[in-house]
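**Student:** Below is the file structure_35.cif, with mmCIF, C-alpha atoms (C1' of nucleotides).
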```cif
data_entry
#
loop_
_atom_site.label_atom_id
_atom_site.label_comp_id
_atom_site.auth_asym_id
_atom_site.auth_seq_id
_atom_site.Cartn_x
_atom_site.Cartn_y
_atom_site.Cartn_z
CA MET W 1 40.27 -73.58 22.64
CA ALA W 2 37.47 -75.75 23.93
CA THR W 3 37.16 -78.99 22.04
CA GLN W 4 33.44 -79.02 21.40
CA SER W 5 32.91 -82.72 22.02
CA SER W 6 29.78 -82.09 20.14
CA GLU W 7 26.79 -83.62 18.60
CA THR W 8 26.48 -85.76 15.55
CA THR W 9 30.12 -86.33 14.71
CA GLU W 10 30.14 -89.68 12.95
CA SER W 11 31.45 -92.67 14.74
CA THR W 12 34.65 -94.34 13.63
CA GLU W 13 32.74 -97.40 12.52
CA SER W 14 30.31 -95.46 10.40
CA ILE W 15 33.22 -93.69 8.75
CA GLU W 16 34.91 -96.98 8.07
CA ARG W 17 31.70 -98.30 6.62
CA THR W 18 31.42 -95.33 4.30
CA LEU W 19 34.96 -95.86 3.10
CA ALA W 20 34.38 -99.53 2.46
CA SER W 21 31.12 -99.01 0.63
CA GLY W 22 32.87 -96.58 -1.68
CA GLY W 23 35.28 -99.31 -2.65
CA PHE W 24 38.12 -97.73 -0.73
CA ARG W 25 40.56 -99.65 1.40
CA LEU W 26 40.60 -99.42 5.11
CA THR W 27 44.27 -98.78 5.69
CA GLY W 28 46.29 -98.09 8.79
CA PRO W 29 47.07 -94.49 7.89
CA ARG W 30 43.42 -93.76 7.19
CA ARG W 31 42.30 -95.19 10.50
CA ALA W 32 45.00 -93.24 12.25
CA LEU W 33 44.00 -89.98 10.57
CA VAL W 34 40.34 -90.40 11.44
CA GLU W 35 41.27 -90.96 15.05
CA VAL W 36 43.56 -87.97 15.06
CA MET W 37 40.86 -85.76 13.65
CA GLN W 38 38.38 -86.96 16.20
CA ALA W 39 40.90 -86.25 18.92
CA LEU W 40 41.62 -82.77 17.57
CA GLY W 41 37.92 -81.96 17.63
CA GLY W 42 36.41 -78.69 16.46
CA ARG W 43 38.32 -77.40 13.51
CA PHE W 44 41.89 -78.12 12.53
CA SER W 45 44.32 -77.23 9.80
CA ALA W 46 45.92 -79.77 7.52
CA ASP W 47 49.12 -79.12 9.38
CA ASP W 48 47.52 -79.81 12.74
CA VAL W 49 46.75 -83.24 11.39
CA VAL W 50 50.23 -83.73 9.97
CA GLU W 51 51.75 -82.91 13.33
CA ALA W 52 49.30 -85.00 15.30
CA ALA W 53 49.96 -88.03 13.10
CA PRO W 54 53.74 -88.34 13.08
CA GLY W 55 53.71 -91.73 11.44
CA VAL W 56 51.76 -90.59 8.39
CA GLY W 57 53.21 -88.79 5.40
CA ARG W 58 52.17 -85.31 4.45
CA ALA W 59 50.93 -86.36 1.04
CA THR W 60 48.74 -88.98 2.62
CA VAL W 61 47.24 -86.45 4.99
CA PHE W 62 46.25 -84.21 2.10
CA ARG W 63 45.01 -87.11 0.00
CA THR W 64 42.95 -88.45 2.88
CA LEU W 65 41.55 -85.06 3.69
CA ARG W 66 40.41 -84.78 0.11
CA LEU W 67 38.99 -88.27 0.01
CA LEU W 68 37.04 -87.70 3.20
CA GLN W 69 35.72 -84.45 1.82
CA ASP W 70 34.50 -86.22 -1.30
CA LEU W 71 32.79 -88.74 0.94
CA GLY W 72 31.19 -85.99 2.98
CA ILE W 73 32.96 -87.03 6.15
CA VAL W 74 35.11 -83.94 6.37
CA CYS W 75 34.21 -80.42 5.32
CA GLN W 76 36.20 -77.28 4.72
CA VAL W 77 35.74 -74.08 6.67
CA VAL W 78 36.87 -70.83 5.10
CA LEU W 79 37.95 -68.56 7.94
CA ASP W 80 37.46 -64.84 7.94
CA ASP W 81 41.03 -64.21 6.90
CA GLY W 82 40.62 -66.57 3.95
CA ALA W 83 42.59 -69.42 5.49
CA VAL W 84 41.11 -72.87 5.16
CA ALA W 85 40.44 -75.24 8.03
CA TYR W 86 38.90 -78.69 8.11
CA ARG W 87 36.30 -80.26 10.31
CA LEU W 88 34.52 -83.57 10.74
CA ALA W 89 31.15 -83.05 9.11
CA SER W 90 28.11 -83.56 11.21
CA GLY W 91 25.60 -84.71 8.67
CA GLY W 92 24.19 -83.27 5.49
CA HIS W 93 24.37 -79.87 3.91
CA HIS W 94 25.11 -77.14 6.39
CA HIS W 95 26.98 -73.91 6.87
CA HIS W 96 29.39 -72.59 9.44
CA LEU W 97 29.29 -69.94 12.08
CA VAL W 98 32.83 -69.09 13.00
CA CYS W 99 33.69 -67.14 16.12
CA SER W 100 36.31 -64.59 15.17
CA GLU W 101 37.50 -64.45 18.76
CA CYS W 102 38.03 -68.04 19.87
CA GLY W 103 37.66 -69.74 16.51
CA VAL W 104 34.99 -72.18 17.58
CA VAL W 105 32.80 -73.37 14.73
CA SER W 106 29.10 -74.13 14.90
CA ASP W 107 26.95 -75.56 12.18
CA PHE W 108 23.62 -74.39 11.02
CA SER W 109 21.40 -75.12 8.08
CA SER W 110 18.68 -73.03 6.65
CA GLY W 111 15.83 -73.89 4.39
CA ASP W 112 15.35 -70.18 3.83
CA LEU W 113 18.62 -70.01 2.00
CA GLU W 114 17.33 -72.41 -0.61
CA GLY W 115 14.39 -70.13 -1.22
CA LEU W 116 16.70 -67.20 -1.54
CA LEU W 117 18.81 -69.04 -4.10
CA ASP W 118 15.74 -70.00 -6.11
CA ASP W 119 14.89 -66.37 -6.16
CA ILE W 120 18.34 -65.43 -7.41
CA ALA W 121 18.09 -68.07 -10.09
CA ARG W 122 14.76 -66.70 -11.22
CA ARG W 123 15.98 -63.13 -11.31
CA THR W 124 19.29 -63.77 -13.05
CA GLY W 125 18.52 -66.67 -15.34
CA TYR W 126 21.41 -68.64 -13.88
CA GLN W 127 21.06 -72.31 -13.14
CA VAL W 128 22.24 -72.45 -9.54
CA ASP W 129 24.19 -75.60 -8.75
CA ALA W 130 26.16 -74.91 -5.60
CA HIS W 131 27.03 -72.26 -3.08
CA ARG W 132 29.29 -71.40 -0.21
CA LEU W 133 28.16 -69.53 2.87
CA GLU W 134 30.28 -68.79 5.91
CA VAL W 135 29.17 -66.51 8.72
CA TYR W 136 31.52 -64.74 11.12
CA GLY W 137 30.86 -63.21 14.48
CA LEU W 138 31.15 -63.74 18.21
CA CYS W 139 29.98 -66.89 19.88
CA PRO W 140 27.81 -66.53 22.99
CA ALA W 141 30.73 -67.27 25.31
CA CYS W 142 32.98 -64.66 23.77
CA ARG W 143 30.16 -62.15 23.77
CA ALA W 144 29.76 -62.72 27.48
CA LEU W 145 33.44 -62.16 28.14
CA GLY W 146 34.32 -59.34 25.76
CA ALA W 147 32.22 -56.19 25.51
CA MET N 148 35.17 -65.25 -22.08
CA ALA N 149 33.04 -62.17 -22.72
CA THR N 150 34.35 -59.14 -20.91
CA GLN N 151 31.15 -57.88 -19.40
CA SER N 152 31.77 -54.18 -20.07
CA SER N 153 29.26 -53.82 -17.34
CA GLU N 154 27.44 -51.46 -15.17
CA THR N 155 28.69 -49.47 -12.26
CA THR N 156 32.42 -50.11 -12.42
CA GLU N 157 33.91 -47.03 -10.87
CA SER N 158 35.62 -44.49 -13.06
CA THR N 159 39.34 -43.98 -12.86
CA GLU N 160 38.85 -40.53 -11.40
CA SER N 161 36.58 -41.71 -8.64
CA ILE N 162 39.09 -44.38 -7.75
CA GLU N 163 41.87 -41.81 -7.65
CA ARG N 164 39.70 -39.63 -5.48
CA THR N 165 39.10 -42.47 -3.06
CA LEU N 166 42.82 -43.14 -2.82
CA ALA N 167 43.59 -39.48 -2.19
CA SER N 168 40.89 -39.07 0.43
CA GLY N 169 42.33 -42.04 2.30
CA GLY N 170 45.64 -40.22 2.50
CA PHE N 171 47.30 -42.53 -0.01
CA ARG N 172 49.58 -41.37 -2.74
CA LEU N 173 48.58 -41.43 -6.33
CA THR N 174 51.59 -43.14 -7.84
CA GLY N 175 52.43 -44.25 -11.34
CA PRO N 176 52.24 -47.96 -10.54
CA ARG N 177 48.85 -47.54 -8.87
CA ARG N 178 47.42 -45.69 -11.83
CA ALA N 179 48.83 -48.29 -14.15
CA LEU N 180 47.32 -51.14 -12.15
CA VAL N 181 43.88 -49.58 -12.06
CA GLU N 182 43.99 -49.16 -15.82
CA VAL N 183 45.15 -52.71 -16.30
CA MET N 184 42.35 -54.05 -14.14
CA GLN N 185 39.78 -52.03 -16.02
CA ALA N 186 41.18 -53.34 -19.27
CA LEU N 187 41.11 -56.92 -18.02
CA GLY N 188 37.45 -56.57 -17.10
CA GLY N 189 35.35 -59.25 -15.44
CA ARG N 190 37.45 -61.20 -13.03
CA PHE N 191 41.20 -61.67 -13.04
CA SER N 192 43.85 -63.38 -11.01
CA ALA N 193 46.69 -61.57 -9.31
CA ASP N 194 48.94 -63.11 -11.91
CA ASP N 195 46.84 -61.79 -14.77
CA VAL N 196 47.53 -58.36 -13.39
CA VAL N 197 51.23 -59.04 -12.93
CA GLU N 198 51.50 -60.14 -16.54
CA ALA N 199 49.41 -57.31 -17.89
CA ALA N 200 51.51 -54.72 -16.05
CA PRO N 201 55.08 -55.61 -17.02
CA GLY N 202 56.53 -52.46 -15.55
CA VAL N 203 55.17 -53.09 -12.07
CA GLY N 204 56.71 -55.41 -9.48
CA ARG N 205 54.89 -58.44 -8.17
CA ALA N 206 54.97 -57.21 -4.60
CA THR N 207 53.39 -53.96 -5.66
CA VAL N 208 50.62 -55.76 -7.46
CA PHE N 209 49.74 -57.73 -4.34
CA ARG N 210 50.05 -54.69 -2.11
CA THR N 211 47.86 -52.64 -4.39
CA LEU N 212 45.30 -55.39 -4.69
CA ARG N 213 45.08 -55.46 -0.92
CA LEU N 214 44.88 -51.71 -0.58
CA LEU N 215 42.12 -51.50 -3.15
CA GLN N 216 40.25 -54.23 -1.35
CA ASP N 217 40.47 -52.31 1.89
CA LEU N 218 39.12 -49.29 0.09
CA GLY N 219 36.27 -51.31 -1.36
CA ILE N 220 37.42 -50.74 -4.93
CA VAL N 221 38.36 -54.32 -5.56
CA CYS N 222 36.71 -57.44 -4.19
CA GLN N 223 37.70 -61.07 -4.00
CA VAL N 224 35.80 -63.87 -5.65
CA VAL N 225 36.23 -67.37 -4.29
CA LEU N 226 35.83 -69.74 -7.21
CA ASP N 227 34.20 -73.13 -6.95
CA ASP N 228 37.56 -74.87 -6.81
CA GLY N 229 38.63 -72.62 -3.96
CA ALA N 230 40.95 -70.47 -6.05
CA VAL N 231 40.73 -66.74 -5.50
CA ALA N 232 40.12 -64.16 -8.20
CA TYR N 233 39.74 -60.40 -8.03
CA ARG N 234 37.31 -58.00 -9.55
CA LEU N 235 36.59 -54.30 -9.63
CA ALA N 236 33.78 -53.84 -7.17
CA SER N 237 30.60 -52.32 -8.46
CA GLY N 238 29.29 -50.58 -5.39
CA GLY N 239 28.32 -51.66 -1.94
CA HIS N 240 27.83 -55.01 -0.35
CA HIS N 241 27.03 -57.72 -2.84
CA HIS N 242 27.63 -61.35 -3.64
CA HIS N 243 28.81 -63.24 -6.66
CA LEU N 244 27.24 -65.62 -9.08
CA VAL N 245 30.03 -67.48 -10.84
CA CYS N 246 29.45 -69.47 -14.00
CA SER N 247 31.28 -72.74 -13.62
CA GLU N 248 31.45 -73.11 -17.38
CA CYS N 249 32.76 -69.80 -18.71
CA GLY N 250 33.77 -68.21 -15.45
CA VAL N 251 31.80 -65.02 -15.92
CA VAL N 252 30.86 -63.34 -12.66
CA SER N 253 27.65 -61.46 -11.94
CA ASP N 254 26.80 -59.56 -8.83
CA PHE N 255 23.68 -59.69 -6.82
CA SER N 256 22.57 -58.45 -3.47
CA SER N 257 19.78 -59.65 -1.34
CA GLY N 258 17.98 -58.07 1.52
CA ASP N 259 16.54 -61.47 2.32
CA LEU N 260 19.95 -62.70 3.30
CA GLU N 261 20.13 -60.13 6.06
CA GLY N 262 16.89 -61.41 7.46
CA LEU N 263 18.20 -64.93 7.32
CA LEU N 264 21.33 -63.92 9.20
CA ASP N 265 19.28 -62.15 11.86
CA ASP N 266 17.41 -65.35 12.25
CA ILE N 267 20.62 -67.35 12.66
CA ALA N 268 21.85 -64.85 15.22
CA ARG N 269 18.65 -65.21 17.19
CA ARG N 270 18.69 -68.98 17.11
CA THR N 271 22.36 -69.44 17.93
CA GLY N 272 23.12 -66.54 20.24
CA TYR N 273 26.00 -65.50 18.03
CA GLN N 274 26.63 -61.86 17.26
CA VAL N 275 26.88 -61.94 13.49
CA ASP N 276 29.44 -59.52 12.10
CA ALA N 277 30.25 -60.64 8.61
CA HIS N 278 29.63 -63.32 6.05
CA ARG N 279 30.72 -64.72 2.73
CA LEU N 280 28.35 -66.04 0.11
CA GLU N 281 29.34 -67.26 -3.32
CA VAL N 282 26.92 -68.98 -5.68
CA TYR N 283 27.95 -71.29 -8.51
CA GLY N 284 26.05 -72.42 -11.55
CA LEU N 285 25.56 -71.86 -15.25
CA CYS N 286 25.02 -68.43 -16.72
CA PRO N 287 22.14 -68.00 -19.15
CA ALA N 288 24.49 -68.09 -22.16
CA CYS N 289 26.15 -71.34 -21.13
CA ARG N 290 22.79 -72.87 -20.32
CA ALA N 291 21.67 -72.06 -23.84
CA LEU N 292 24.75 -73.70 -25.35
CA GLY N 293 25.32 -76.72 -23.15
CA ALA N 294 22.52 -79.10 -22.33
"C1'" DC C 295 61.09 -23.80 -7.49
"C1'" DA C 296 64.06 -26.42 -4.54
"C1'" DC C 297 63.85 -29.30 -0.65
"C1'" DC C 298 62.69 -32.73 2.58
"C1'" DT C 299 60.38 -36.57 4.63
"C1'" DA C 300 57.64 -40.26 4.58
"C1'" DA C 301 55.23 -43.25 1.62
"C1'" DT C 302 55.98 -46.28 -1.96
"C1'" DT C 303 58.45 -49.32 -4.98
"C1'" DG C 304 61.07 -53.46 -6.99
"C1'" DA C 305 64.04 -57.42 -6.67
"C1'" DG C 306 64.48 -61.33 -4.66
"C1'" DA C 307 64.20 -64.49 -0.90
"C1'" DC C 308 60.93 -66.73 1.92
"C1'" DG C 309 56.94 -69.54 3.70
"C1'" DC C 310 52.72 -71.97 3.50
"C1'" DC C 311 49.64 -74.99 1.37
"C1'" DG C 312 48.76 -78.44 -1.55
"C1'" DG C 313 49.80 -81.58 -5.61
"C1'" DC C 314 52.77 -84.78 -8.30
"C1'" DT C 315 56.08 -88.68 -9.07
"C1'" DC C 316 57.62 -92.97 -8.44
"C1'" DA C 317 59.38 -96.84 -6.25
"C1'" DG C 318 58.00 -99.64 -2.40
"C1'" DT C 319 54.09 -101.59 0.59
"C1'" DA C 320 49.85 -103.43 2.17
"C1'" DT C 321 44.94 -104.64 1.40
"C1'" DG C 322 41.56 -107.80 0.68
"C1'" DG C 323 39.56 -110.77 -2.97
"C1'" DT C 324 40.48 -115.50 -4.93
"C1'" DA Y 325 49.05 -118.43 0.17
"C1'" DC Y 326 48.88 -115.38 -3.77
"C1'" DC Y 327 48.16 -111.58 -6.66
"C1'" DA Y 328 46.48 -107.40 -8.74
"C1'" DT Y 329 46.07 -102.94 -7.51
"C1'" DA Y 330 45.01 -99.41 -4.29
"C1'" DC Y 331 47.64 -97.01 -1.32
"C1'" DT Y 332 51.74 -94.87 0.91
"C1'" DG Y 333 55.89 -91.89 1.85
"C1'" DA Y 334 59.83 -89.07 0.61
"C1'" DG Y 335 60.96 -85.59 -1.77
"C1'" DC Y 336 60.44 -82.22 -5.30
"C1'" DC Y 337 57.64 -78.96 -7.49
"C1'" DG Y 338 54.51 -74.91 -8.18
"C1'" DG Y 339 51.19 -71.23 -7.04
"C1'" DC Y 340 50.09 -67.55 -4.25
"C1'" DG Y 341 51.11 -64.15 -1.21
"C1'" DT Y 342 54.39 -61.75 2.22
"C1'" DC Y 343 58.76 -59.77 3.89
"C1'" DT Y 344 63.13 -57.22 3.68
"C1'" DC Y 345 65.77 -53.61 2.40
"C1'" DA Y 346 67.88 -50.33 -0.37
"C1'" DA Y 347 66.46 -47.03 -3.90
"C1'" DT Y 348 62.85 -43.97 -5.63
"C1'" DT Y 349 59.12 -40.61 -5.68
"C1'" DA Y 350 54.92 -38.02 -4.27
"C1'" DG Y 351 53.52 -34.05 -2.67
"C1'" DG Y 352 53.64 -30.70 1.34
"C1'" DT Y 353 56.62 -26.66 2.74
"C1'" DG Y 354 59.33 -22.31 2.77
#
```
Can you dump the structure from the file as structure tokens?
**Tutor:**
Amino acid sequence: MATQSSETTESTESIERTLASGGFRLTGPRRALVEVMQALGGRFSADDVVEAAPGVGRATVFRTLRLLQDLGIVCQVVLDDGAVAYRLASGGHHHHLVCSECGVVSDFSSGDLEGLLDDIARRTGYQVDAHRLEVYGLCPACRALGA
Amino acid sequence: MATQSSETTESTESIERTLASGGFRLTGPRRALVEVMQALGGRFSADDVVEAAPGVGRATVFRTLRLLQDLGIVCQVVLDDGAVAYRLASGGHHHHLVCSECGVVSDFSSGDLEGLLDDIARRTGYQVDAHRLEVYGLCPACRALGA
DNA sequence: CACCTAATTGAGACGCCGGCTCAGTATGGT
DNA sequence: ACCATACTGAGCCGGCGTCTCAATTAGGTG
């Protein structure tokens, strides 16, 4: 369940700065939750966070998860079975590649997708405002192991 | 809330044929549910179906919804708020354009997306097996009304 | 047509995820 | 130090979907 100690995950300080600049308070529970999420790494469920932060109430976990999503610090991952997981966001707009074997999540972004959406907009007359894209498959490691 | 009396929605008979050829029984409740879903049109929640089919148990509605999904007769739509709706599928692989104003759903498919996914696979080393894409915006009608 | 077996059903309990309420607490500006 | 108010936690609530289990029914068979 390899904790990708990966890339651009935002530092605690930068997260705290983002909170502050949004006019939000920097409270104990919030600090604790950010730390917990960093420690969990990769992706985690709301309940993972609840269990890993015994001092913090369930409601606060959900509220904080939502707040951090609104601030772009945390993002949701829709798994292939429809379940929802969370993840510290590593930067701007991106999508997820989820390994259906080990569950590891990688990010990618694609300028091509924007072109594709423009095309859809043109063909359908819709004004396209947002989208969701999740991709499922086998990560290189699991490919190497399995068949 | 215009019930797009649209395109390629499969006929009752073809649905019954699909059930039969899968080795599933053609029961009263199943017939009733298919009719109800056709009458509901567009997209509907599981609960819409439950309410519109008073004679059929809740469990059966959910079971049938799942069965019809497996058979490709019904598909899920993930709405912009994360809620899930259902819809009679109109053919093969496709994606959804959901109007965030009136909720109407249109289908589209895109060969370009496949190319994009190939590209992702190449760049990341993942073996891409499946994906989810939902697009949100304003349908032409709502664009005309709203600003 | 009657019969038999396995698939299906319905009622209701259950579980998970997330939100709401409301009284109590803590933050951070003055 | 003080105060307004943002935040918290405990518990209850509600939606969505699944499970169990006894009763029913589809549809193949002789």
**Student:** Which residues, named as in the file, does the PyMOL selection byres ((chain C and resi 309-317) around 10) pick out? Answer as a list of chain:residue names.
**Tutor:** W:Ala46, W:Asp47, W:Arg58, W:Ala59, W:Phe62, W:Arg63, W:Ala83, W:Val84, C:DA307, C:DC308, C:DG318, C:DT319, Y:DG335, Y:DC336, Y:DC337, Y:DG338, Y:DG339, Y:DC340, Y:DG341, Y:DT342, Y:DC343
**Student:** Can you spell out as a VMD selection string the set of residues that the PyMOL selection byres ((chain W) within 8 of (chain C)) selects in the structure I just provided?
**Tutor:** chain W and resid 25 to 27 62
**Student:** Can you provide chain N as a short mmCIF file (atom, residue, chain, number, x, y, z; two decimals) with C-alpha atoms, in the frame of the given file, superposed onto chain W by least squares across all C-alpha atoms matched in order?
**Tutor:**
```cif
data_model
loop_
_atom_site.label_atom_id
_atom_site.label_comp_id
_atom_site.auth_asym_id
_atom_site.auth_seq_id
_atom_site.Cartn_x
_atom_site.Cartn_y
_atom_site.Cartn_z
CA MET N 148 39.73 -73.24 22.65
CA ALA N 149 36.99 -75.53 23.94
CA THR N 150 36.80 -78.74 21.99
CA GLN N 151 33.09 -78.89 21.38
CA SER N 152 32.69 -82.62 22.03
CA SER N 153 29.58 -82.08 20.04
CA GLU N 154 26.64 -83.68 18.50
CA THR N 155 26.44 -85.84 15.46
CA THR N 156 30.10 -86.40 14.65
CA GLU N 157 30.12 -89.72 12.91
CA SER N 158 31.45 -92.75 14.70
CA THR N 159 34.66 -94.38 13.60
CA GLU N 160 32.77 -97.45 12.46
CA SER N 161 30.36 -95.52 10.31
CA ILE N 162 33.26 -93.73 8.70
CA GLU N 163 34.99 -97.03 8.02
CA ARG N 164 31.78 -98.34 6.56
CA THR N 165 31.50 -95.36 4.24
CA LEU N 166 35.06 -95.87 3.05
CA ALA N 167 34.47 -99.56 2.40
CA SER N 168 31.21 -99.01 0.57
CA GLY N 169 32.98 -96.57 -1.73
CA GLY N 170 35.40 -99.31 -2.68
CA PHE N 171 38.27 -97.73 -0.77
CA ARG N 172 40.69 -99.64 1.35
CA LEU N 173 40.69 -99.41 5.07
CA THR N 174 44.36 -98.78 5.70
CA GLY N 175 46.36 -98.12 8.82
CA PRO N 176 47.13 -94.51 7.94
CA ARG N 177 43.47 -93.79 7.20
CA ARG N 178 42.33 -95.22 10.50
CA ALA N 179 45.02 -93.28 12.27
CA LEU N 180 44.01 -90.02 10.60
CA VAL N 181 40.35 -90.44 11.44
CA GLU N 182 41.27 -91.01 15.07
CA VAL N 183 43.55 -88.02 15.09
CA MET N 184 40.85 -85.80 13.65
CA GLN N 185 38.35 -86.99 16.20
CA ALA N 186 40.85 -86.31 18.93
CA LEU N 187 41.58 -82.83 17.59
CA GLY N 188 37.88 -82.00 17.63
CA GLY N 189 36.37 -78.74 16.44
CA ARG N 190 38.29 -77.44 13.50
CA PHE N 191 41.88 -78.16 12.55
CA SER N 192 44.32 -77.28 9.84
CA ALA N 193 45.94 -79.81 7.56
CA ASP N 194 49.13 -79.14 9.45
CA ASP N 195 47.52 -79.86 12.80
CA VAL N 196 46.75 -83.28 11.43
CA VAL N 197 50.23 -83.76 10.03
CA GLU N 198 51.73 -82.94 13.41
CA ALA N 199 49.28 -85.03 15.36
CA ALA N 200 49.94 -88.07 13.16
CA PRO N 201 53.73 -88.37 13.16
CA GLY N 202 53.72 -91.75 11.51
CA VAL N 203 51.79 -90.60 8.46
CA GLY N 204 53.27 -88.77 5.47
CA ARG N 205 52.20 -85.28 4.53
CA ALA N 206 51.00 -86.33 1.11
CA THR N 207 48.81 -88.97 2.68
CA VAL N 208 47.28 -86.48 5.04
CA PHE N 209 46.30 -84.21 2.16
CA ARG N 210 45.08 -87.11 0.05
CA THR N 211 43.01 -88.47 2.89
CA LEU N 212 41.59 -85.07 3.71
CA ARG N 213 40.46 -84.79 0.12
CA LEU N 214 39.03 -88.28 0.00
CA LEU N 215 37.08 -87.72 3.19
CA GLN N 216 35.76 -84.48 1.80
CA ASP N 217 34.55 -86.25 -1.31
CA LEU N 218 32.83 -88.77 0.90
CA GLY N 219 31.21 -86.02 2.93
CA ILE N 220 32.99 -87.06 6.12
CA VAL N 221 35.11 -83.97 6.34
CA CYS N 222 34.22 -80.44 5.30
CA GLN N 223 36.20 -77.30 4.71
CA VAL N 224 35.74 -74.11 6.66
CA VAL N 225 36.88 -70.87 5.09
CA LEU N 226 37.98 -68.60 7.91
CA ASP N 227 37.47 -64.87 7.93
CA ASP N 228 41.05 -64.25 6.87
CA GLY N 229 40.62 -66.61 3.94
CA ALA N 230 42.61 -69.45 5.47
CA VAL N 231 41.11 -72.90 5.16
CA ALA N 232 40.44 -75.27 8.03
CA TYR N 233 38.88 -78.72 8.12
CA ARG N 234 36.30 -80.30 10.31
CA LEU N 235 34.51 -83.60 10.72
CA ALA N 236 31.17 -83.07 9.07
CA SER N 237 28.11 -83.58 11.18
CA GLY N 238 25.60 -84.71 8.62
CA GLY N 239 24.17 -83.25 5.48
CA HIS N 240 24.36 -79.85 3.92
CA HIS N 241 25.09 -77.13 6.41
CA HIS N 242 26.97 -73.90 6.88
CA HIS N 243 29.39 -72.58 9.42
CA LEU N 244 29.30 -69.93 12.06
CA VAL N 245 32.88 -69.09 12.98
CA CYS N 246 33.76 -67.14 16.09
CA SER N 247 36.35 -64.59 15.13
CA GLU N 248 37.57 -64.44 18.70
CA CYS N 249 38.08 -68.04 19.80
CA GLY N 250 37.69 -69.74 16.46
CA VAL N 251 35.02 -72.17 17.55
CA VAL N 252 32.82 -73.35 14.71
CA SER N 253 29.11 -74.12 14.90
CA ASP N 254 26.96 -75.54 12.19
CA PHE N 255 23.63 -74.37 11.02
CA SER N 256 21.39 -75.08 8.11
CA SER N 257 18.66 -72.99 6.70
CA GLY N 258 15.80 -73.82 4.46
CA ASP N 259 15.33 -70.12 3.90
CA LEU N 260 18.59 -69.97 2.04
CA GLU N 261 17.27 -72.36 -0.56
CA GLY N 262 14.34 -70.08 -1.15
CA LEU N 263 16.66 -67.15 -1.50
CA LEU N 264 18.75 -69.01 -4.06
CA ASP N 265 15.65 -69.95 -6.04
CA ASP N 266 14.83 -66.32 -6.08
CA ILE N 267 18.28 -65.40 -7.37
CA ALA N 268 17.99 -68.05 -10.05
CA ARG N 269 14.67 -66.64 -11.17
CA ARG N 270 15.90 -63.08 -11.26
CA THR N 271 19.20 -63.75 -13.00
CA GLY N 272 18.42 -66.65 -15.30
CA TYR N 273 21.29 -68.61 -13.84
CA GLN N 274 20.94 -72.30 -13.10
CA VAL N 275 22.14 -72.44 -9.52
CA ASP N 276 24.09 -75.59 -8.71
CA ALA N 277 26.06 -74.91 -5.59
CA HIS N 278 26.97 -72.27 -3.07
CA ARG N 279 29.23 -71.41 -0.20
CA LEU N 280 28.13 -69.52 2.87
CA GLU N 281 30.28 -68.80 5.89
CA VAL N 282 29.19 -66.51 8.71
CA TYR N 283 31.56 -64.74 11.09
CA GLY N 284 30.93 -63.19 14.45
CA LEU N 285 31.24 -63.72 18.18
CA CYS N 286 30.06 -66.87 19.88
CA PRO N 287 27.90 -66.48 22.97
CA ALA N 288 30.84 -67.23 25.29
CA CYS N 289 33.11 -64.62 23.74
CA ARG N 290 30.29 -62.09 23.73
CA ALA N 291 29.90 -62.65 27.45
CA LEU N 292 33.62 -62.11 28.07
CA GLY N 293 34.52 -59.33 25.67
CA ALA N 294 32.48 -56.17 25.48
#
```
**Student:** Pull out every residue of chain W sitting within 12 Å of chain N, counting only C-alpha atoms, and send them as a VMD selection string.
**Tutor:** chain W and resid 76 to 84 95 to 101 104 to 144 146 to 147
**Student:** Return the neighbours of chain W among the residues of chain Y, cut-off 10 Å, counting all atoms listed in the file, as a PyMOL selection string.
**Tutor:** chain Y and resi 330-334
**Student:** Would you output that residue set with C-alpha atoms (C1' of nucleotides), as a short mmCIF file (atom, residue, chain, number, x, y, z; two decimals), keeping the file's coordinate frame?
**Tutor:**
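again_30.cif was written with the following content:
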```
data_model
loop_
_atom_site.label_atom_id
_atom_site.label_comp_id
_atom_site.auth_asym_id
_atom_site.auth_seq_id
_atom_site.Cartn_x
_atom_site.Cartn_y
_atom_site.Cartn_z
"C1'" DA Y 330 45.01 -99.41 -4.29
"C1'" DC Y 331 47.64 -97.01 -1.32
"C1'" DT Y 332 51.74 -94.87 0.91
"C1'" DG Y 333 55.89 -91.89 1.85
"C1'" DA Y 334 59.83 -89.07 0.61
#
```
**Student:** Give me the residues near Arg43 (chain W) as a PDB file with C-alpha atoms, in the frame of the given file, where near means some atom within 7 Å (using all atoms listed in the file) and where sequence neighbours in that chain fewer than 6 positions away do not count.
**Tutor:**
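Generated output (result.pdb):
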```pdb
ATOM      1  CA  ALA W  85      40.440 -75.240   8.030  1.00  0.00           C
ATOM      2  CA  TYR W  86      38.900 -78.690   8.110  1.00  0.00           C
ATOM      3  CA  ARG W  87      36.300 -80.260  10.310  1.00  0.00           C
ATOM      4  CA  VAL W 105      32.800 -73.370  14.730  1.00  0.00           C
TER       5      VAL W 105
END
```
**Student:** So how far away is CA of Ala167 (chain N) from C1' of DA350 (chain Y), in Å?
**Tutor:**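 Between C1' of DA350 (chain Y) and CA of Ala167 (chain N) the gap works out to 11.6 Å.
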**Student:** One decimal, in Å: what's the spacing between CA of Ile220 (chain N) and CA of Leu235 (chain N)?
**Tutor:**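 Separating CA of Ile220 (chain N) from CA of Leu235 (chain N) is a distance of 6.0 Å.
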**Student:** If the PyMOL selection byres ((chain W and resi 11-13) around 9) were run on this exact file, what residues would it hold? Put them as number ranges by chain.
**Tutor:** W: 8-10, 14-18, 31, 34-35, 38
**Student:** Figure out the distance between CA of Val36 (chain W) and CA of Asp48 (chain W), please, to one decimal in Å.
**Tutor:**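 Distance reported for this atom pair: 9.4 Å.
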**Student:** To box region 309-316 of chain C, take all atoms listed in the file, fit an axis-aligned box, add 6 Å on each side, and give centre and edge lengths in Å to one decimal, as AutoDock Vina command-line options.
**Tutor:**
```
--center_x 53.2 --center_y -81.3 --center_z -2.7 --size_x 20.9 --size_y 35.4 --size_z 24.8
```
